Amino acid sequence: MVKPTGFMEYVREDPAHRPVTERVGDYREIEELLPEEGIYRQAARCMDCGIPFCHAYGCPVKNRIPDWNDMVYRKNWRKALDLLHATCNLPEITGRVCPAPCETACTLAINLPAVTIRHLELQIVEHGWREEWIRPEPAGFSTGKRVAVVGSGPAGLPAAQQLSRNGHEVVVFEKSDRIGGLLRYGIPDFKLEKWVIDRRLDQMRAEGVVFETGVNAGEDVSAAYLLRSFDAIVLAAGATAARDLPIPGRDLKGVHFAMEFLTQQNRRNAGDAIPEGEAISAAGKHVVVIGGGDTGSDCIGTSRRQGAASITQIELLPKPPEDRLPTNPWPTWPVILRTSSSQEEGCERLWSVQTKELLGEEGEVRKLSCVKLDWSDPDSAGRRTFREIPGSAFELRANLVLLAMGFVHVEHGSLVRDLGVATDSRGNLVADRNCMTNIPGVFGAGDAVTGASLVVRAIDLGRLAAAGADRYLVGR
Amino acid sequence: MPYVTLISPPPHHDIYSIEDLAQLIYDLKSVNPRADVSVKLVSEVGVGTIAAGVAKAKADLVLISGHDGGTGASPLTSIKHTGLPWELGLAETQQALIFNGLRDRIRVQVDGQLRTGRDLAIAALMGAEEFGFGTSVLVTLGCIMMRKCHLNTCPVGVATQDPVLRGRFTGAAEYVVRFFRFLAQDLREHMATLGFRTLDEMVGRVDLLEVQPAVEHWKAKGLDFSAMLLPPDNGRNGPLRRVRPQEHEVAKALDYEIMALARSALDRKEPVRIELPIRNVHRSVGAALSGEITRRFGAKGLPDDTIHLTFLGSAGQSFGAFLAPGVTMHVHGDANDYLGKGMSGGRVVVTPPEGATFLPHKNVIVGNVVLYGATGGEAYFHGTAGERFAVRNSGGKAVVEGVGDHGCEYMTSGVVVVLGPTGNNFAAGMSGGLAYVYDEGELFDTRCNLDMVDVESVWQEEDIKRLHAMIESHFRYTGSQRAAQILENWESRLPLFVKIMPIEYRKSLERMRMEEEINPESVSATEEVYRG
């Protein structure tokens, strides 16, 4: 067991962020690793709870958190790494970008700062890479079954790796030019540098996973072809259909979906040239980000680095409280005011604001016409309604408007249509306990099934879909 | 005793049979006739037979404890691998009690992760009248089931002595009240569905329970519940619940005669001297008297030797049980098992009858399990004792002229002087207190269990004084020739004494001495425990 009194003796230390003035000048990761000495103290804060809520309630992949905390404290890094990999295929990704629902569910978080679980995860896996302990683990046998994985994001990659390690021949189809999906083109480099993905892809290639980039499944290869040539198909295409803002002026120049903007910057960082006509830049512009979530924050950080003149973020919902409300107790996810590293770098944040119209000149956006909202208290079902505050209309200057209002569901393109996969009222794929859709042998994983969610949930569903597909293929 | 490991669960060396249990219940009833005695049994195969025995041993309540529960300090192996569901034990108990015509005189309680009104309704229908709750109530107070109750590190302040951690406790009595209110409401709804107005009507109505056949589980398939759900026999063997109290008959005890004679002491604290014959049918002599003294004067009792009782004959079991301060009991004759059980003060002296021709230090004068769990008082035995002398003694002082096996086992405090040979396994599990043994044969270390104690010679001034004083007292009260000889040749006999010192107890004494020297506020107990 970890030191019983560790939590009483040591305080939480968070990894340092590079200073704002330095980090806004480049796209490198902003977080630094804690020195190893401090790490043992942080691991010692784990209480090895009888009921570990971090593991059983918080973590979607059920990481064995108390166990690897213990191993870090004992400096048994190898064992810690094995425990970590037993439940998570991409710990170097979740160790960087996970919002860590484990930490908000940590028992210490009832009355003290939680254990630095996410950072310990990162330390363990980076230690493993440094020591070259992370090597290909090919199955060593073949079942003779072929599986197609559509999509190479945080659900597709774990699904592919798990299936390949179970002896199946796995081909991953990715419509984009590089593997990684949302990890590659959705998350800015300052949160996740892309060599991190490449390192893991090398391992997967060595294990026998075949990656086909630039192939849009359903278009470039037909659904019928996939069904014919593969014994199972895992649909892990994500929930990429973005929520739109159908208001007057939406078609003005300078109004873009967040993902178009973020993807371009990641491409530039990777050395790609963006054609003049398509380029979206925030340089010298007044940027308004609509949507107060993580994607919105990514837009802020990217705009700041591109040299925006001003950045304003507006959110429909009211400003959340500083601390948990009684209706939002531990260990539930706390709905509280958070300030992301990008918001810290400087932007104006407005809450309870609805955009009524986008105003432009010569076809280019110039202003947003907004109104302030008054939100009701939650009713018995917890729902809140809003009404516009009369006379509160105001305008915001904007040359670039980025829509970061979330994603609705998986794209209902030719693949979903031709396979005949059922979708629910929200537009997500319908999957059973084994993650299988209504079409035998076709499985759903990640955001395509749940709607847009966390990377760690996608990993979990990727693993579950792989397990389901494996049972289906091997007949267990 | 701070820093001394508590051996938990405590071994009950006073109960090896149902007769021992009956005696313990009689002792408890004697010292406090107003209290109900409950016997907790683990739900397991054969618990019905034990429960019937418990009913015959005249317990007022029997508790059937299921396997799901457990404190946060229980070892994982116990939580996972011991006991059976309360349903099995309860069904067996109810049936065994009914079929033996014993159900009318004992209340049946049940516990083991009871949480909802439905649990209570099922338990009542299966025969339980009272219900125990542990985990669920603690959770309403903020317990998060850390399973650290024994480490003093409970982070929500429920099970800890650390002032900082206790400050984090956020529970309130109202939460418990609310929980029970909801629970009662839930039970009422189930009762209404079943058509019952009172819980009494419900108890034992197994005929109203059905097995839900829809449970699809490979382990549940093919299970036959008919033996568990055997319907009650319509009252042919008596009621399905307790309808009358046990007949304890404690009021017939010798103590009530003594109390009548000692009225002036009880009313006005005037010293009295009483002489009575005694026989071995007189059990728990002194218990009811001590109960009365404690009720009147509290734990401090009466001034030393206020009530001086002299008995002639053979004392029965549990002589001087729970003895209170202020009472001296001297037997000229001998005494049975459990003498001085749980005594908290006073003095017990046992000497051979006048004119006895045998050598006292070669003959047994008191039975087994003497001074079990004593917390105070003193005892002098002019003769040897049986097995398990001063087991779990936690404060009593005693001088005896020889003991059987397992002497001073699990002792935590107090002082024992043995002026003669000991049996095997002396001081097993002894975590505190002191023992001095007169080791004439110099073979004591082969008989002592050295797992937790050191054996050393008596050389420190403090020890020599203490030992000398106790042997002097022994001589004064008993006139022991053996004591006299040792005292006369003190210089030459002292080197034959050995001191039995528990290792933990020594560390604890040193630590406390150090703490007195430094500022006691600066070191928290928790820190100390883990620095070991």
# chains A, B, ... in the order shown; residues from 1 in each chain; ligands from 1
$ select_by_dssp --residues "range 17-99 of chain B" --states "helix (DSSP H, G or I)" --output "short mmCIF file (atom, residue, chain, number, x, y, z; two decimals) with N, CA and C atoms, in the first residue's frame"
data_model
loop_
_atom_site.label_atom_id
_atom_site.label_comp_id
_atom_site.auth_asym_id
_atom_site.auth_seq_id
_atom_site.Cartn_x
_atom_site.Cartn_y
_atom_site.Cartn_z
N ILE B 18 -21.25 -24.12 25.11
CA ILE B 18 -22.51 -23.44 25.35
C ILE B 18 -22.72 -23.24 26.86
N GLU B 19 -22.13 -24.14 27.67
CA GLU B 19 -22.23 -23.97 29.12
C GLU B 19 -21.46 -22.73 29.57
N ASP B 20 -20.27 -22.53 28.97
CA ASP B 20 -19.50 -21.32 29.27
C ASP B 20 -20.33 -20.08 28.94
N LEU B 21 -21.04 -20.15 27.79
CA LEU B 21 -21.83 -19.01 27.36
C LEU B 21 -22.97 -18.77 28.34
N ALA B 22 -23.62 -19.87 28.76
CA ALA B 22 -24.71 -19.73 29.73
C ALA B 22 -24.19 -19.06 31.01
N GLN B 23 -22.99 -19.42 31.40
CA GLN B 23 -22.40 -18.83 32.61
C GLN B 23 -22.15 -17.34 32.40
N LEU B 24 -21.62 -17.00 31.21
CA LEU B 24 -21.35 -15.59 30.92
C LEU B 24 -22.65 -14.78 30.94
N ILE B 25 -23.70 -15.35 30.35
CA ILE B 25 -24.99 -14.64 30.34
C ILE B 25 -25.49 -14.46 31.77
N TYR B 26 -25.30 -15.51 32.59
CA TYR B 26 -25.73 -15.42 33.99
C TYR B 26 -24.93 -14.33 34.72
N ASP B 27 -23.61 -14.27 34.45
CA ASP B 27 -22.77 -13.22 35.05
C ASP B 27 -23.30 -11.84 34.68
N LEU B 28 -23.58 -11.67 33.40
CA LEU B 28 -23.99 -10.35 32.91
C LEU B 28 -25.35 -9.97 33.48
N LYS B 29 -26.23 -10.95 33.52
CA LYS B 29 -27.56 -10.70 34.08
C LYS B 29 -27.46 -10.38 35.57
N SER B 30 -26.48 -11.01 36.25
CA SER B 30 -26.31 -10.77 37.68
C SER B 30 -25.85 -9.34 37.92
N VAL B 31 -24.87 -8.91 37.16
CA VAL B 31 -24.30 -7.59 37.42
C VAL B 31 -25.28 -6.50 36.99
N VAL B 47 -26.19 -22.86 12.27
CA VAL B 47 -26.40 -21.74 13.19
C VAL B 47 -27.68 -21.93 13.99
N GLY B 48 -28.64 -22.68 13.43
CA GLY B 48 -29.90 -22.93 14.12
C GLY B 48 -29.68 -23.67 15.43
N THR B 49 -28.81 -24.67 15.39
CA THR B 49 -28.51 -25.43 16.60
C THR B 49 -27.88 -24.55 17.66
N ILE B 50 -26.95 -23.70 17.19
CA ILE B 50 -26.28 -22.80 18.13
C ILE B 50 -27.30 -21.82 18.71
N ALA B 51 -28.19 -21.32 17.86
CA ALA B 51 -29.20 -20.35 18.32
C ALA B 51 -30.10 -21.01 19.36
N ALA B 52 -30.44 -22.28 19.16
CA ALA B 52 -31.27 -22.98 20.15
C ALA B 52 -30.51 -23.06 21.47
N GLY B 53 -29.22 -23.33 21.38
CA GLY B 53 -28.39 -23.36 22.58
C GLY B 53 -28.36 -22.00 23.26
N VAL B 54 -28.26 -20.95 22.45
CA VAL B 54 -28.23 -19.59 22.99
C VAL B 54 -29.55 -19.29 23.71
N ALA B 55 -30.66 -19.75 23.13
CA ALA B 55 -31.96 -19.53 23.76
C ALA B 55 -32.02 -20.27 25.09
N LYS B 56 -31.47 -21.49 25.11
CA LYS B 56 -31.47 -22.26 26.37
C LYS B 56 -30.50 -21.64 27.38
N LEU B 76 -9.53 -8.31 4.27
CA LEU B 76 -10.21 -8.64 3.01
C LEU B 76 -10.62 -10.11 2.97
N THR B 77 -9.78 -10.97 3.53
CA THR B 77 -10.11 -12.40 3.51
C THR B 77 -11.41 -12.66 4.26
N SER B 78 -11.62 -11.95 5.38
CA SER B 78 -12.85 -12.15 6.13
C SER B 78 -14.04 -11.63 5.34
N ILE B 79 -13.85 -10.49 4.71
CA ILE B 79 -14.96 -9.89 3.97
C ILE B 79 -15.37 -10.81 2.82
N LYS B 80 -14.38 -11.38 2.16
CA LYS B 80 -14.69 -12.16 0.97
C LYS B 80 -15.07 -13.59 1.26
N HIS B 81 -14.49 -14.19 2.28
CA HIS B 81 -14.59 -15.65 2.37
C HIS B 81 -15.26 -16.19 3.62
N TRP B 86 -27.41 -13.58 5.30
CA TRP B 86 -28.24 -13.63 6.51
C TRP B 86 -29.52 -14.42 6.27
N GLU B 87 -29.99 -14.44 5.04
CA GLU B 87 -31.25 -15.15 4.76
C GLU B 87 -31.14 -16.62 5.16
N LEU B 88 -30.00 -17.25 4.81
CA LEU B 88 -29.84 -18.67 5.12
C LEU B 88 -29.82 -18.90 6.63
N GLY B 89 -29.03 -18.09 7.32
CA GLY B 89 -28.90 -18.26 8.77
C GLY B 89 -30.20 -17.96 9.49
N LEU B 90 -30.89 -16.93 9.01
CA LEU B 90 -32.13 -16.53 9.67
C LEU B 90 -33.19 -17.61 9.52
N ALA B 91 -33.31 -18.15 8.30
CA ALA B 91 -34.30 -19.20 8.07
C ALA B 91 -34.02 -20.39 8.98
N GLU B 92 -32.76 -20.77 9.05
CA GLU B 92 -32.41 -21.94 9.87
C GLU B 92 -32.69 -21.68 11.35
N THR B 93 -32.33 -20.47 11.79
CA THR B 93 -32.53 -20.11 13.19
C THR B 93 -34.01 -20.14 13.55
N GLN B 94 -34.81 -19.49 12.73
CA GLN B 94 -36.24 -19.41 13.00
C GLN B 94 -36.83 -20.82 13.10
N GLN B 95 -36.48 -21.68 12.15
CA GLN B 95 -37.02 -23.04 12.16
C GLN B 95 -36.56 -23.81 13.39
N ALA B 96 -35.26 -23.73 13.69
CA ALA B 96 -34.74 -24.48 14.83
C ALA B 96 -35.40 -24.02 16.13
N LEU B 97 -35.59 -22.70 16.26
CA LEU B 97 -36.21 -22.19 17.49
C LEU B 97 -37.66 -22.62 17.59
N ILE B 98 -38.39 -22.57 16.49
CA ILE B 98 -39.81 -22.95 16.53
C ILE B 98 -39.94 -24.45 16.83
N PHE B 99 -39.19 -25.26 16.11
CA PHE B 99 -39.35 -26.70 16.26
C PHE B 99 -38.93 -27.18 17.64
#
$ closest_atom_pairs --of "chain A" --to "chain B" --cutoff "12 Å" --atoms "only C-alpha atoms" --output "Markdown table"
| residue | atom | partner | partner_atom | distance |
| --- | --- | --- | --- | --- |
| A:Met1 | CA | B:Lys148 | CA | 11.6 |
| A:Lys3 | CA | B:Tyr530 | CA | 8.9 |
| A:Pro4 | CA | B:Thr153 | CA | 7.0 |
| A:Thr5 | CA | B:Thr153 | CA | 6.8 |
| A:Gly6 | CA | B:Thr153 | CA | 9.9 |
| A:Phe7 | CA | B:Pro155 | CA | 8.8 |
| A:Met8 | CA | B:Thr153 | CA | 8.5 |
| A:Glu9 | CA | B:Glu527 | CA | 9.4 |
| A:Arg45 | CA | B:Pro155 | CA | 11.6 |
| A:Cys46 | CA | B:Pro155 | CA | 11.4 |
| A:Met47 | CA | B:Met146 | CA | 8.4 |
| A:Asp48 | CA | B:Met146 | CA | 8.0 |
| A:Cys49 | CA | B:Met146 | CA | 4.8 |
| A:Gly50 | CA | B:Met146 | CA | 4.2 |
| A:Ile51 | CA | B:Met146 | CA | 6.0 |
| A:Pro52 | CA | B:Met146 | CA | 8.1 |
| A:Phe53 | CA | B:Ile144 | CA | 9.4 |
| A:Ala105 | CA | B:Ile144 | CA | 11.8 |
| A:Cys106 | CA | B:Ile144 | CA | 11.2 |
| A:Thr107 | CA | B:Ile144 | CA | 8.0 |
| A:Leu108 | CA | B:Pro155 | CA | 7.3 |
| A:Ala109 | CA | B:Pro155 | CA | 10.2 |
| A:Ile110 | CA | B:Val156 | CA | 8.0 |
| A:Asn111 | CA | B:Arg168 | CA | 7.2 |
| A:Leu112 | CA | B:Pro155 | CA | 9.3 |
| A:Pro329 | CA | B:Gly142 | CA | 11.9 |
| A:Trp330 | CA | B:Ile144 | CA | 10.9 |
| A:Pro331 | CA | B:Ile144 | CA | 10.7 |
$ atom_distance --atom1 "CA of Leu81 in chain A" --atom2 "CA of His127 in chain A"
8.4 Å
$ residues_around --residues "Arg349 in chain A" --least-positions-apart "4" --cutoff "9 Å" --atoms "only C-alpha atoms" --output "list of chain:residue names"
A:Gly292, A:Ile311, A:Thr312, A:Gln313, A:Ile314, A:Glu315, A:Gln343
$ atom_distance --atom1 "CA of Val331 in chain B" --atom2 "CA of Pro277 in chain B"
9.4 Å
$ residues_around --residues "Phe180 in chain B" --least-positions-apart "2" --cutoff "12 Å" --atoms "only C-alpha atoms" --output "list in words"
Leu114, Arg115, Thr116, Gly117, Leu120, Phe131, Gly132, Phe133, Ser136, Val137, Thr140, Ala173, Glu174, Tyr175, Val176, Val177, Arg178, Phe182, Leu183, Ala184, Gln185, Asp186, Leu187 and Arg188 of chain B
$ select_by_dssp --residues "range 122-291 of chain B" --states "strand (DSSP E or B)" --output "tab-separated table (two decimals) with all heavy atoms, in the first residue's frame"
chain	number	residue	atom	x	y	z
B	130	GLU	N	-35.86	-7.63	14.99
B	130	GLU	CA	-35.06	-6.41	15.09
B	130	GLU	C	-34.00	-6.43	14.00
B	130	GLU	O	-33.58	-7.50	13.56
B	130	GLU	CB	-34.41	-6.29	16.48
B	130	GLU	CG	-35.46	-6.19	17.58
B	130	GLU	CD	-34.86	-5.98	18.96
B	130	GLU	OE1	-33.63	-5.93	19.07
B	130	GLU	OE2	-35.65	-5.85	19.91
B	131	PHE	N	-33.56	-5.23	13.60
B	131	PHE	CA	-32.69	-5.13	12.44
B	131	PHE	C	-31.50	-4.24	12.75
B	131	PHE	O	-31.65	-3.20	13.39
B	131	PHE	CB	-33.46	-4.54	11.25
B	131	PHE	CG	-34.83	-5.14	11.08
B	131	PHE	CD1	-35.94	-4.53	11.63
B	131	PHE	CD2	-34.99	-6.36	10.42
B	131	PHE	CE1	-37.20	-5.10	11.52
B	131	PHE	CE2	-36.24	-6.93	10.32
B	131	PHE	CZ	-37.34	-6.30	10.86
B	272	VAL	N	-18.49	-3.03	56.81
B	272	VAL	CA	-19.15	-4.21	57.37
B	272	VAL	C	-18.27	-5.43	57.18
B	272	VAL	O	-17.48	-5.49	56.22
B	272	VAL	CB	-20.53	-4.48	56.72
B	272	VAL	CG1	-21.53	-3.42	57.08
B	272	VAL	CG2	-20.39	-4.64	55.21
B	273	ARG	N	-18.37	-6.39	58.07
B	273	ARG	CA	-17.66	-7.66	57.94
B	273	ARG	C	-18.70	-8.76	58.02
B	273	ARG	O	-19.50	-8.82	58.94
B	273	ARG	CB	-16.62	-7.81	59.04
B	273	ARG	CG	-15.53	-6.75	59.00
B	273	ARG	CD	-14.49	-6.97	60.08
B	273	ARG	NE	-13.49	-7.95	59.67
B	273	ARG	CZ	-12.43	-7.67	58.90
B	273	ARG	NH1	-12.25	-6.44	58.47
B	273	ARG	NH2	-11.57	-8.60	58.58
B	274	ILE	N	-18.71	-9.61	57.01
B	274	ILE	CA	-19.73	-10.65	56.94
B	274	ILE	C	-19.03	-11.98	56.74
B	274	ILE	O	-18.09	-12.08	55.94
B	274	ILE	CB	-20.70	-10.38	55.76
B	274	ILE	CG1	-21.42	-9.03	55.98
B	274	ILE	CG2	-21.72	-11.51	55.62
B	274	ILE	CD1	-22.07	-8.50	54.74
B	275	GLU	N	-19.51	-13.01	57.41
B	275	GLU	CA	-18.95	-14.33	57.23
B	275	GLU	C	-20.08	-15.27	56.83
B	275	GLU	O	-21.14	-15.27	57.46
B	275	GLU	CB	-18.28	-14.80	58.52
B	275	GLU	CG	-17.30	-15.92	58.30
B	275	GLU	CD	-16.50	-16.23	59.57
B	275	GLU	OE1	-15.88	-15.30	60.13
B	275	GLU	OE2	-16.52	-17.40	60.01
B	276	LEU	N	-19.87	-16.02	55.75
B	276	LEU	CA	-20.93	-16.89	55.25
B	276	LEU	C	-20.34	-18.20	54.77
B	276	LEU	O	-19.21	-18.23	54.27
B	276	LEU	CB	-21.63	-16.24	54.05
B	276	LEU	CG	-22.63	-15.10	54.27
B	276	LEU	CD1	-22.97	-14.47	52.95
B	276	LEU	CD2	-23.88	-15.61	54.97
B	277	PRO	N	-21.09	-19.29	54.87
B	277	PRO	CA	-20.66	-20.51	54.20
B	277	PRO	C	-20.93	-20.37	52.69
B	277	PRO	O	-21.81	-19.59	52.29
B	277	PRO	CB	-21.54	-21.59	54.81
B	277	PRO	CG	-22.75	-20.87	55.28
B	277	PRO	CD	-22.35	-19.46	55.60
B	278	ILE	N	-20.18	-21.07	51.89
B	278	ILE	CA	-20.40	-20.99	50.44
B	278	ILE	C	-20.30	-22.38	49.83
B	278	ILE	O	-19.57	-23.26	50.35
B	278	ILE	CB	-19.39	-20.01	49.78
B	278	ILE	CG1	-19.84	-19.67	48.36
B	278	ILE	CG2	-17.97	-20.58	49.80
B	278	ILE	CD1	-19.11	-18.48	47.77
$ atom_distance --atom1 "CA of Gly479 in chain B" --atom2 "CA of Lys362 in chain B"
15.8 Å
$ closest_residue --among "A:Met259, A:Leu201, A:Ala159, A:Leu90" --to "Gly186 in chain A" --atoms "only C-alpha atoms"
A:Met259
$ residues_around --residues "Gly346 in chain A" --least-positions-apart "4" --cutoff "9 Å" --atoms "only C-alpha atoms" --output "list in words"
Ile300, Gly301, Arg304, Ser310, Ile311 and Ser342 of chain A
$ closest_residue --among "B:Ala288, B:Glu44, B:Cys143, B:Phe225" --to "Met259 in chain B" --atoms "only C-alpha atoms"
B:Ala288
$ residues_around --residues "Ser341 in chain A" --least-positions-apart "4" --cutoff "10 Å" --atoms "only C-alpha atoms" --output "tab-separated table (two decimals) with N, CA and C atoms, in the first residue's frame"
chain	number	residue	atom	x	y	z
A	17	HIS	N	3.42	25.12	-16.25
A	17	HIS	CA	3.17	25.53	-17.63
A	17	HIS	C	4.26	26.52	-18.02
A	20	VAL	N	3.42	32.39	-20.17
A	20	VAL	CA	2.54	32.78	-21.27
A	20	VAL	C	3.30	33.49	-22.39
A	30	ILE	N	2.69	23.16	-23.85
A	30	ILE	CA	2.90	24.18	-22.82
A	30	ILE	C	3.21	23.57	-21.46
A	31	GLU	N	2.90	22.27	-21.30
A	31	GLU	CA	3.06	21.66	-19.98
A	31	GLU	C	4.43	21.00	-19.87
A	190	PHE	N	-0.07	22.66	-29.27
A	190	PHE	CA	0.40	23.13	-27.97
A	190	PHE	C	-0.19	22.30	-26.82
A	191	LYS	N	-1.19	21.47	-27.16
A	191	LYS	CA	-1.68	20.52	-26.15
A	191	LYS	C	-1.15	19.11	-26.40
A	297	SER	N	-11.78	26.83	-26.60
A	297	SER	CA	-10.49	27.18	-26.01
A	297	SER	C	-9.35	26.95	-26.99
A	298	ASP	N	-9.42	25.83	-27.72
A	298	ASP	CA	-8.38	25.54	-28.71
A	298	ASP	C	-8.32	26.64	-29.77
A	300	ILE	N	-9.10	29.74	-29.26
A	300	ILE	CA	-8.51	30.92	-28.63
A	300	ILE	C	-6.98	30.82	-28.64
A	301	GLY	N	-6.48	29.67	-28.20
A	301	GLY	CA	-5.02	29.49	-28.14
A	301	GLY	C	-4.40	29.61	-29.51
A	345	GLU	N	-4.20	32.69	-21.51
A	345	GLU	CA	-3.28	33.46	-22.36
A	345	GLU	C	-3.91	34.77	-22.80
A	346	GLY	N	-5.17	34.96	-22.49
A	346	GLY	CA	-5.78	36.24	-22.75
A	346	GLY	C	-6.93	36.20	-23.73
$ residues_around --residues "Val206 in chain B" --least-positions-apart "6" --cutoff "9 Å" --atoms "only C-alpha atoms" --output "PDB file with C-alpha atoms, in the first residue's frame"
ATOM      1  CA  ALA B  91     -34.300 -19.201   8.069  1.00  0.00           C
ATOM      2  CA  ILE B 122     -38.095  -9.997   3.824  1.00  0.00           C
ATOM      3  CA  ALA B 124     -39.326  -9.854   9.121  1.00  0.00           C
ATOM      4  CA  LEU B 125     -41.203 -12.443   7.088  1.00  0.00           C
ATOM      5  CA  MET B 126     -38.320 -14.839   7.609  1.00  0.00           C
ATOM      6  CA  GLY B 127     -38.506 -14.349  11.350  1.00  0.00           C
ATOM      7  CA  MET B 228     -35.460 -22.215   3.422  1.00  0.00           C
ATOM      8  CA  LEU B 229     -39.054 -21.211   2.857  1.00  0.00           C
ATOM      9  CA  LEU B 230     -40.637 -23.968   4.891  1.00  0.00           C
ATOM     10  CA  PRO B 231     -43.984 -22.540   5.986  1.00  0.00           C
ATOM     11  CA  PRO B 232     -44.603 -22.063   9.729  1.00  0.00           C
TER      12      PRO B 232
END
$ closest_residue --among "A:Glu103, A:Asp418, A:Glu29, A:Asp189" --to "Cys54 in chain A" --atoms "only C-alpha atoms"
A:Glu103
